[in-house]
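The structure file query19.cif is reproduced below (mmCIF, C-alpha atoms).
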```
data_entry
#
loop_
_atom_site.label_atom_id
_atom_site.label_comp_id
_atom_site.auth_asym_id
_atom_site.auth_seq_id
_atom_site.Cartn_x
_atom_site.Cartn_y
_atom_site.Cartn_z
CA MET A 385 71.57 135.56 130.27
CA SER A 386 72.96 133.26 127.65
CA VAL A 387 75.65 134.07 125.11
CA THR A 388 76.21 132.11 121.93
CA TYR A 389 79.69 131.65 120.53
CA HIS A 390 80.41 130.25 117.11
CA LYS A 391 83.48 128.16 116.89
CA MET A 392 84.42 125.04 115.00
CA PHE A 393 86.88 122.38 116.03
CA PHE A 394 87.95 119.29 114.15
CA ALA A 395 87.08 116.10 115.99
CA TRP A 396 90.76 115.37 116.64
CA ASP A 397 91.24 118.80 118.16
CA PHE A 398 89.02 117.86 121.09
CA LEU A 399 91.79 118.71 123.55
CA LYS A 400 91.91 122.24 122.12
CA GLU A 401 88.13 122.41 122.29
CA GLU A 402 88.21 121.30 125.91
CA ALA A 403 90.90 123.87 126.70
CA TRP A 404 88.82 126.62 125.06
CA ILE A 405 85.69 125.70 127.02
CA ASN A 406 87.69 125.66 130.25
CA LYS A 407 89.19 129.04 129.38
CA MET A 408 85.68 130.41 128.92
CA SER A 409 84.85 128.98 132.35
CA GLN A 410 87.81 130.85 133.81
CA ASN A 411 86.39 134.01 132.27
CA GLY A 412 83.05 133.37 133.95
CA LEU A 413 81.20 131.88 130.99
CA GLN A 414 79.81 128.44 131.75
CA LEU A 415 78.87 126.17 128.86
CA ILE A 416 75.31 124.89 129.08
CA ASP A 417 74.69 123.68 125.54
CA PRO A 418 77.44 122.43 123.23
CA GLY A 419 76.95 122.27 119.47
CA ALA A 420 78.88 121.57 116.31
CA ILE A 421 79.44 125.30 115.83
CA ASN A 422 77.12 126.93 118.37
CA TYR A 423 78.20 126.94 121.98
CA ILE A 424 75.74 128.47 124.42
CA PHE A 425 77.20 129.87 127.63
CA VAL A 426 75.68 131.52 130.65
CA ASN A 427 77.32 133.96 133.01
CA GLY A 428 78.60 132.33 136.16
CA ARG A 429 81.39 132.54 138.67
CA PRO A 430 84.84 132.45 137.08
CA ASN A 431 86.28 128.94 137.14
CA GLU A 432 83.10 127.55 138.65
CA TYR A 433 83.25 124.35 136.58
CA GLN A 434 85.82 122.16 134.91
CA TYR A 435 84.74 120.67 131.60
CA ARG A 436 85.70 117.39 129.98
CA LEU A 437 84.58 115.86 126.72
CA GLU A 438 84.79 112.42 125.28
CA MET A 439 83.80 110.53 122.16
CA LEU A 440 81.71 107.48 122.99
CA PRO A 441 81.59 104.37 120.82
CA HIS A 442 77.80 104.69 120.61
CA TYR A 443 75.27 107.48 120.35
CA PRO A 444 74.51 109.10 123.73
CA SER A 445 70.98 107.65 123.64
CA HIS A 446 72.33 104.09 123.36
CA PRO A 447 71.78 102.05 126.59
CA LYS A 448 75.53 101.47 126.98
CA SER A 449 76.19 105.20 126.67
CA GLN A 450 73.34 105.95 129.08
CA ASP A 451 74.84 103.55 131.59
CA TYR A 452 78.18 105.32 131.28
CA ILE A 453 76.67 108.80 131.51
CA HIS A 454 74.80 107.81 134.67
CA PHE A 455 77.98 106.35 136.13
CA VAL A 456 79.89 109.58 135.53
CA GLU A 457 76.99 111.61 136.93
CA ASP A 458 77.06 109.46 140.05
CA THR A 459 80.66 110.52 140.64
CA GLY A 460 79.53 114.09 141.13
CA ALA A 461 79.82 115.33 137.56
CA GLU A 462 77.08 116.90 135.52
CA TYR A 463 76.12 115.87 132.00
CA VAL A 464 76.08 119.05 129.92
CA GLY A 465 75.07 117.73 126.53
CA SER A 466 76.25 116.01 123.41
CA VAL A 467 77.12 116.53 119.77
CA LYS A 468 76.84 113.28 117.79
CA ASN A 469 78.92 110.75 119.75
CA TRP A 470 80.67 113.42 121.77
CA VAL A 471 79.53 113.96 125.33
CA TYR A 472 80.32 116.96 127.52
CA PHE A 473 80.59 116.77 131.31
CA ARG A 474 81.38 119.32 133.96
CA LYS A 475 82.18 119.23 137.63
CA LYS A 476 82.42 121.99 140.22
CA THR A 477 86.05 123.01 140.54
CA GLU A 478 85.77 123.06 144.35
CA ASP A 479 84.81 119.35 144.27
CA GLY A 480 88.34 118.38 143.30
CA PRO A 481 90.11 117.37 140.13
CA PHE A 482 87.98 116.11 137.28
CA GLU A 483 89.12 113.81 134.52
CA LEU A 484 87.35 111.25 132.41
CA ILE A 485 90.24 109.13 131.21
CA SER A 486 93.53 109.10 133.09
CA ASP A 487 95.05 105.75 132.12
CA PHE A 488 97.20 105.29 129.02
CA HIS A 489 95.19 102.37 127.73
CA GLY A 490 91.96 104.29 127.95
CA ARG A 491 93.49 107.31 126.26
CA ILE A 492 94.93 105.19 123.45
CA GLN A 493 91.53 103.60 122.99
CA HIS A 494 89.94 107.04 122.81
CA PHE A 495 92.46 108.33 120.26
CA ARG A 496 91.89 105.17 118.22
CA ARG A 497 88.16 105.84 118.27
CA VAL A 498 88.78 109.31 116.85
CA SER A 499 91.20 107.88 114.25
CA PHE A 500 88.54 105.41 113.20
CA LEU A 501 86.16 108.31 112.65
CA ILE A 502 88.73 110.04 110.42
CA TRP A 503 89.29 106.82 108.47
CA THR A 504 85.55 106.46 107.96
CA ILE A 505 85.35 109.96 106.48
CA LEU A 506 88.41 109.33 104.28
CA ILE A 507 86.98 106.10 102.87
CA PHE A 508 83.62 107.75 102.35
CA LEU A 509 85.32 110.56 100.41
CA LEU A 510 87.07 107.99 98.25
CA ILE A 511 83.94 105.98 97.50
CA TYR A 512 81.46 108.85 97.17
CA PRO A 513 82.64 110.18 93.75
CA ALA A 514 82.25 106.72 92.27
CA PHE A 515 78.49 107.12 92.57
CA PHE A 516 78.70 110.06 90.19
CA VAL A 517 81.24 108.63 87.80
CA ILE A 518 79.81 105.15 87.32
CA PRO A 519 76.32 106.22 86.11
CA LYS A 520 77.97 108.65 83.71
CA LEU A 521 79.66 105.76 81.98
CA PHE A 522 76.26 104.32 81.13
CA GLU A 523 74.90 107.57 79.79
CA GLY A 524 76.97 107.27 76.67
CA ILE A 525 78.99 110.37 77.13
CA LEU A 526 82.09 110.15 75.03
CA PRO A 527 84.58 108.46 77.27
CA TYR A 528 87.41 110.76 76.30
CA PRO A 529 87.84 113.89 74.28
CA SER A 530 87.35 112.73 70.76
CA VAL A 531 88.92 114.32 67.79
CA VAL A 532 86.60 114.68 64.90
CA MET A 533 88.12 115.55 61.61
CA VAL A 534 86.12 117.27 59.03
CA SER A 535 87.04 117.51 55.43
CA VAL A 536 85.35 119.76 52.96
CA GLU A 537 85.08 118.34 49.49
CA ASN A 538 82.71 119.72 46.91
CA ASN A 539 80.66 121.30 49.62
CA ARG A 540 80.38 118.00 51.39
CA TYR A 541 81.66 117.46 54.81
CA ILE A 542 83.38 114.25 55.50
CA VAL A 543 83.62 113.27 59.06
CA SER A 544 86.12 110.98 60.61
CA VAL A 545 86.81 110.15 64.15
CA ASP A 546 90.02 109.16 65.81
CA HIS A 547 88.50 106.04 67.32
CA PRO A 548 85.68 105.11 64.93
CA GLU A 549 85.06 101.79 66.67
CA ASP A 550 83.88 103.73 69.72
CA TYR A 551 81.34 105.76 67.78
CA PRO A 552 79.16 103.54 65.62
CA GLU A 553 77.20 106.54 64.50
CA PHE A 554 80.25 108.17 63.01
CA GLN A 555 81.63 104.90 61.85
CA ARG A 556 78.71 104.45 59.54
CA TYR A 557 79.50 107.71 57.82
CA TYR A 558 83.13 107.03 57.92
CA THR A 559 83.01 103.65 56.30
CA LYS A 560 80.55 104.69 53.66
CA LYS A 561 83.00 107.36 52.68
CA ASP A 562 80.12 109.63 51.75
CA ALA A 563 79.74 110.93 55.18
CA GLY A 564 77.66 113.91 55.86
CA SER A 565 75.29 115.67 53.66
CA ILE A 566 75.49 118.96 51.95
CA VAL A 567 74.79 121.72 54.36
CA PRO A 568 75.33 125.41 54.14
CA LEU A 569 78.31 126.52 56.14
CA SER A 570 76.13 128.64 58.39
CA ASP A 571 74.39 125.52 59.63
CA PHE A 572 77.62 124.09 60.73
CA GLN A 573 77.32 123.68 64.40
CA ILE A 574 79.55 122.54 67.05
CA MET A 575 77.43 120.33 69.11
CA LYS A 576 78.17 120.49 72.76
CA ARG A 577 79.43 117.49 74.60
CA ILE A 578 76.33 115.50 73.84
CA PRO A 579 75.96 111.78 74.20
CA TYR A 580 76.40 110.36 70.74
CA HIS A 581 73.03 108.58 70.80
CA GLN A 582 71.52 112.06 70.80
CA TYR A 583 73.46 112.84 67.72
CA ASN A 584 71.14 114.57 65.36
CA GLN A 585 71.19 112.67 62.15
CA GLY A 586 69.29 115.38 60.37
CA LEU A 587 72.18 117.69 60.93
CA SER A 588 75.05 116.23 59.05
CA ILE A 589 77.93 117.09 61.31
CA ALA A 590 79.79 117.46 63.59
CA LEU A 591 81.14 117.06 66.98
CA LEU A 592 84.43 118.70 67.48
CA ASP A 593 85.38 117.78 70.92
CA VAL A 594 89.08 118.09 71.11
CA GLY A 595 88.65 119.21 74.65
CA MET A 596 91.91 119.64 76.40
CA TYR A 597 93.82 118.76 73.26
CA ALA A 598 92.99 122.07 71.64
CA ASP A 599 96.47 123.31 72.33
CA TYR A 600 97.91 120.32 70.55
CA SER A 601 96.37 121.23 67.22
CA PRO A 602 99.76 121.44 65.45
CA TRP A 603 100.44 117.93 66.62
CA LEU A 604 96.97 116.84 65.57
CA ALA A 605 97.44 118.41 62.19
CA GLU A 606 100.24 115.96 61.50
CA GLU A 607 97.92 113.11 62.22
CA ILE A 608 95.38 114.21 59.73
CA GLU A 609 95.15 112.44 56.45
CA ASP A 610 95.49 114.37 53.26
CA GLY A 611 92.34 116.05 52.13
CA TYR A 612 91.00 116.36 55.62
CA GLN A 613 90.86 119.50 57.58
CA LEU A 614 91.02 119.90 61.31
CA ILE A 615 88.71 122.49 62.70
CA VAL A 616 89.57 123.48 66.19
CA ASN A 617 87.12 125.73 67.87
CA LYS A 618 89.08 127.52 70.52
CA ALA A 619 85.98 129.11 71.97
CA TYR A 620 84.45 125.72 72.39
CA SER A 621 87.58 124.47 74.07
CA ARG A 622 87.25 127.27 76.55
CA GLN A 623 83.64 126.32 77.15
CA HIS A 624 84.83 122.84 77.55
CA PHE A 625 87.21 123.94 80.24
CA GLU A 626 84.47 125.92 81.90
CA ALA A 627 82.33 122.82 81.96
CA TYR A 628 85.12 121.10 83.81
CA ALA A 629 85.90 124.05 86.07
CA PRO A 630 83.50 122.97 88.84
CA LEU A 631 85.21 119.61 88.74
CA PHE A 632 88.55 121.29 89.30
CA GLY A 633 86.99 123.16 92.21
CA ILE A 634 85.76 119.91 93.69
CA LEU A 635 89.15 118.36 93.14
CA ILE A 636 90.83 121.19 95.02
CA ILE A 637 88.31 120.88 97.88
CA TYR A 638 89.05 117.17 97.93
CA ILE A 639 92.77 117.72 98.13
CA ILE A 640 92.28 120.20 100.99
CA LEU A 641 89.98 117.75 102.80
CA PHE A 642 92.48 114.96 102.37
CA VAL A 643 95.33 117.07 103.70
CA ILE A 644 93.22 118.07 106.73
CA LEU A 645 92.09 114.52 107.44
CA ILE A 646 95.54 113.04 107.01
CA GLY A 647 96.81 115.79 109.33
CA GLY A 648 94.22 114.63 111.88
CA LEU A 649 95.30 111.02 111.50
CA HIS A 650 98.88 112.09 111.94
CA THR A 651 98.03 114.00 115.14
CA MET A 652 96.17 111.02 116.57
CA GLY A 653 98.94 108.66 115.45
CA ALA A 654 101.59 110.76 117.17
CA GLN A 655 99.60 110.77 120.43
CA ILE A 656 99.03 107.02 120.26
CA ARG A 657 102.72 106.35 119.56
CA TYR A 658 103.74 108.55 122.48
CA LEU A 659 101.35 106.81 124.87
CA LYS A 660 102.41 103.36 123.67
CA LYS A 661 106.04 104.21 124.30
CA GLU A 662 105.20 105.38 127.82
CA LEU A 663 103.12 102.27 128.35
CA ARG A 664 106.17 100.09 127.73
CA ILE A 665 107.89 101.44 130.82
CA ARG A 666 105.09 102.51 133.09
CA GLU A 667 101.38 102.31 133.59
CA GLY A 668 99.24 105.37 133.03
CA MET B 253 100.57 80.24 137.37
CA GLU B 254 100.49 83.42 135.42
CA SER B 255 101.62 86.43 137.33
CA ILE B 256 100.31 89.70 136.06
CA ALA B 257 101.05 92.99 137.71
CA LEU B 258 97.83 94.79 138.46
CA THR B 259 97.36 98.42 137.60
CA GLU B 260 97.12 100.84 140.49
CA ALA B 261 93.48 101.46 139.61
CA VAL B 262 92.61 97.75 139.73
CA PHE B 263 94.62 97.25 142.92
CA TYR B 264 92.78 100.00 144.73
CA ILE B 265 89.38 99.03 143.32
CA LEU B 266 89.81 95.50 144.66
CA LEU B 267 91.11 96.86 147.95
CA SER B 268 88.17 99.24 148.27
CA LEU B 269 85.56 96.52 147.77
CA GLU B 270 86.15 94.82 151.12
CA THR B 271 82.78 96.34 151.84
CA PRO B 272 80.39 96.85 148.89
CA LEU B 273 80.75 100.29 147.37
CA HIS B 274 79.45 102.18 144.37
CA GLY B 275 81.68 103.86 141.79
CA TYR B 276 82.00 107.17 143.58
CA GLY B 277 82.71 105.36 146.87
CA ILE B 278 85.62 103.55 145.22
CA MET B 279 86.97 106.86 143.95
CA GLN B 280 86.77 108.48 147.37
CA ASN B 281 88.21 105.46 149.17
CA THR B 282 91.13 105.25 146.74
CA GLU B 283 91.86 108.91 147.20
CA LYS B 284 91.75 108.53 150.97
CA LEU B 285 93.95 105.40 151.02
CA SER B 286 96.56 106.97 148.76
CA ASN B 287 96.50 110.27 150.67
CA GLY B 288 95.10 112.05 147.64
CA ARG B 289 97.82 110.79 145.30
CA ILE B 290 95.52 108.72 143.11
CA HIS B 291 92.44 110.27 141.69
CA LEU B 292 90.61 107.71 139.57
CA ALA B 293 89.11 109.27 136.48
CA ALA B 294 85.46 108.36 135.99
CA GLY B 295 85.93 106.81 132.55
CA THR B 296 88.99 104.87 133.61
CA LEU B 297 87.15 103.55 136.67
CA TYR B 298 84.15 102.61 134.54
CA GLY B 299 86.34 100.65 132.11
CA ALA B 300 88.20 98.89 134.93
CA ILE B 301 84.97 97.95 136.74
CA ASN B 302 83.46 96.47 133.58
CA THR B 303 86.61 94.48 132.84
CA LEU B 304 86.72 93.20 136.42
CA LEU B 305 83.05 92.23 136.18
CA GLU B 306 83.79 90.29 132.99
CA LYS B 307 86.72 88.54 134.69
CA LYS B 308 84.43 87.88 137.67
CA TRP B 309 86.93 89.40 140.09
CA ILE B 310 84.13 91.61 141.33
CA CYS B 311 80.36 91.24 141.29
CA ALA B 312 77.50 93.70 141.12
CA VAL B 313 75.38 93.79 144.25
CA SER B 314 71.68 93.64 143.32
CA GLU B 315 70.53 97.17 142.71
CA ASN B 316 68.23 98.73 145.23
CA GLU B 317 65.08 100.25 143.81
CA VAL B 318 65.58 103.72 145.21
CA GLY B 319 68.85 104.84 143.67
CA ARG B 320 70.28 103.66 140.40
CA LYS B 321 73.79 103.59 141.88
CA LYS B 322 75.24 100.14 141.38
CA GLU B 323 77.30 98.68 144.19
CA TYR B 324 80.10 96.21 143.70
CA CYS B 325 81.75 93.56 145.85
CA ILE B 326 84.92 91.52 145.58
CA THR B 327 84.74 87.80 144.64
CA GLU B 328 86.99 84.92 145.68
CA ALA B 329 88.88 85.20 142.39
CA GLY B 330 89.40 88.89 143.13
CA ARG B 331 90.73 88.13 146.58
CA THR B 332 93.18 85.59 145.13
CA ALA B 333 94.38 88.11 142.55
CA LEU B 334 94.85 90.71 145.24
CA LYS B 335 96.77 88.25 147.44
CA ASN B 336 99.07 87.30 144.56
CA GLU B 337 99.64 90.93 143.75
CA LEU B 338 100.47 91.73 147.36
CA ASN B 339 103.06 88.94 147.41
CA ARG B 340 104.55 90.28 144.22
CA LEU B 341 104.69 93.79 145.65
CA LYS B 342 106.33 92.49 148.84
CA GLU B 343 109.02 90.85 146.72
CA LEU B 344 109.57 94.10 144.83
CA VAL B 345 109.81 96.06 148.08
CA ALA B 346 112.18 93.55 149.68
CA ASN B 347 114.48 93.51 146.66
CA GLY B 348 114.26 97.25 146.26
CA ASP B 349 115.06 97.83 149.91
CA ALA B 350 118.03 95.49 149.77
CA ILE B 351 119.66 97.50 146.99
CA VAL B 352 118.24 101.01 147.08
CA GLY B 353 118.17 100.98 150.88
CA ARG B 354 121.99 100.74 150.90
CA TRP B 355 122.40 103.85 148.79
CA ASN B 356 122.17 106.30 151.65
#
```
How does this structure look as structure tokens?
Amino acid sequence: MSVTYHKMFFAWDFLKEEAWINKMSQNGLQLIDPGAINYIFVNGRPNEYQYRLEMLPHYPSHPKSQDYIHFVEDTGAEYVGSVKNWVYFRKKTEDGPFELISDFHGRIQHFRRVSFLIWTILIFLLIYPAFFVIPKLFEGILPYPSVVMVSVENNRYIVSVDHPEDYPEFQRYYTKKDAGSIVPLSDFQIMKRIPYHQYNQGLSIALLDVGMYADYSPWLAEEIEDGYQLIVNKAYSRQHFEAYAPLFGILIIYIILFVILIGGLHTMGAQIRYLKKELRIREG
Amino acid sequence: MESIALTEAVFYILLSLETPLHGYGIMQNTEKLSNGRIHLAAGTLYGAINTLLEKKWICAVSENEVGRKKEYCITEAGRTALKNELNRLKELVANGDAIVGRWN
């Protein structure tokens, strides 16, 4: 009868994983199918097998890996299965000690292989967001929270922007000095963070995207020319924050991932340094 | 000439291949010769065998069709390396004996 256990180990915790599988063996549960989170065991004699796992440089189906797996099998071990590049072997405990790598050089090489994996993930994490950010730049989304000032004169709204050169659409109104058209106040809308090329010319104004600067409105007020009026929509600012909230979530996940990965690199580094030091005075 | 100390694994692999053996045979022979002190790990042995094949200190005996177990034999270069290593070890033992032997 098989029993499935769910457990997850980080790649660099393979020694812990190995220890756990061997502990299960001591308790009479023999691993027959390893997985990333699903480990399938069958009932057997306690301590019947010793388990060892190793990360290979190639996929298990690769000829080089196959050659290695056959070699290990020929030494009396049994190939249990694999997860990605990781292979699992077992050998009957009564057939003597079982190890895959006993020399320092081999172990350093193995730790380096795992470190390389961690580096690959780290670099991927660094590059991946760029694929989201770069296309956004071409979509014409305002590159930074813009401050739009609105003045009300004779029922006309006059719009000005803090960086008019960045917003040709606004600039036109701005330079003409007759910006906007007469609209009833009820039609006044705060347009959501829309790309400015979608700016509805039929609707006279206005984009008030002070974004994170909402709290700086007193400071902004000083910047405003006479006759202009700064309208800060706090509710919109909150919305604005909510729009960014998932980003903050992702950022936090990223920070956690980085801490975990750097922890893994540190663990591997410490092992490699220890082995190198030993290697200077004796062979493994 | 360059004098490189061999690892225990390499020393015993070369020593074991006086008669052609496969990987497991080398492991068993090494264990027997060292009275069970040295147990070659499969991966370590695999790495050492491949390096020795590259260096042409050992050669692969043509595989027989029945089993897929590869057998290996020692080459002349391997014999020379083993001889040099033995001389080096003799020197170590002689010097060690001369000093450490006096201690008791």
Next item on the list: Would you translate the PyMOL selection byres ((chain B) within 6 of (chain A)) into the concrete set of residues it matches in this file, as a list in words?
Entry: Tyr276, Ala293, Ala294, Gly295 and Thr296 of chain B
Margin query: Calculated over all atoms listed in the file, which of the candidates B:Glu343, B:Asp349, B:Glu306, B:Glu260 has the smallest distance to B:Thr327?
Written below: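 So, comparing all the options, the nearest one is B:Glu306.
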Item checked: Two-atom distance - atom CA of A:Gln450, atom CA of B:Ile278 (Å) -> 20.4 Å
Next item on the list: Do a neighbour search on B:Leu341 at 12 Å with only C-alpha atoms, toss out local chain neighbours closer than 6 positions, and write the hits as a PyMOL selection string.
Entry: chain B and resi 255-260+263+334-335+347-349
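Those residues that approach stretch 468-474 of chain A to within 6 Å, counting all atoms listed in the file, are Tyr433, Gln434, Tyr435, Arg436, Leu437, Glu438, Met439, Leu440, Tyr443, Ala461 and Glu462 of chain A; same-chain residues fewer than 6 positions away are not listed.
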Item checked: Gap from atom CA of A:Leu501 to atom CA of A:Tyr423 - Å, one decimal ->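 Calculated distance between atom CA of A:Leu501 and atom CA of A:Tyr423 is 22.3 Å.
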Checklist line | All residues 10 Å or closer to A:Phe425, all atoms listed in the file, same chain fewer than 4 positions away omitted, as an MDAnalysis selection string | finding: chainID A and resid 385:389 405 408:409 412:418
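The gap separating atom CA of A:Gly647 from atom CA of A:Trp404 is 20.7 Å, in Å to one decimal.
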Note to self: Would you pick out the contacts of A:Tyr658 at 12 Å or less, using all atoms listed in the file, so that residues sharing its chain but fewer than 4 positions from it are not included, and give the list as a ChimeraX atom specification?
What the structure shows: /A:488-489,491-492,495,651-654,662-665,668
Please, could you write that set of residues out with C-alpha atoms as a tab-separated table (two decimals), in the coordinates of the input?
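Output file result-v9.tsv follows:
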```tsv
chain	number	residue	atom	x	y	z
A	488	PHE	CA	97.20	105.29	129.02
A	489	HIS	CA	95.19	102.37	127.73
A	491	ARG	CA	93.49	107.31	126.26
A	492	ILE	CA	94.93	105.19	123.45
A	495	PHE	CA	92.46	108.33	120.26
A	651	THR	CA	98.03	114.00	115.14
A	652	MET	CA	96.17	111.02	116.57
A	653	GLY	CA	98.94	108.66	115.45
A	654	ALA	CA	101.59	110.76	117.17
A	662	GLU	CA	105.20	105.38	127.82
A	663	LEU	CA	103.12	102.27	128.35
A	664	ARG	CA	106.17	100.09	127.73
A	665	ILE	CA	107.89	101.44	130.82
A	668	GLY	CA	99.24	105.37	133.03
```
Notebook entry, point to check: Evaluating the PyMOL selection byres ((chain B and resi 324) around 8) on the displayed file yields which residues, as a list of chain:residue names?
Noted result: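 Answer for the PyMOL selection byres ((chain B and resi 324) around 8): B:Leu269, B:Pro272, B:Leu273, B:His274, B:Ile310, B:Cys311, B:Ala312, B:Val313, B:Lys322, B:Glu323, B:Cys325, B:Ile326.
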Notebook entry, point to check: Could you pull the residues within 12 Å of A:Trp503, counting only C-alpha atoms, minus those fewer than 2 positions along the same chain, as a ChimeraX atom specification?
Noted result: /A:396,496-501,505-510,642,645-650,652
Item checked: Selected residue, from B:Ile301, B:Ala329, B:Leu292, B:Leu344, that lies nearest to B:Met279 when counting all atoms listed in the file ->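 Closest candidate: B:Leu292.
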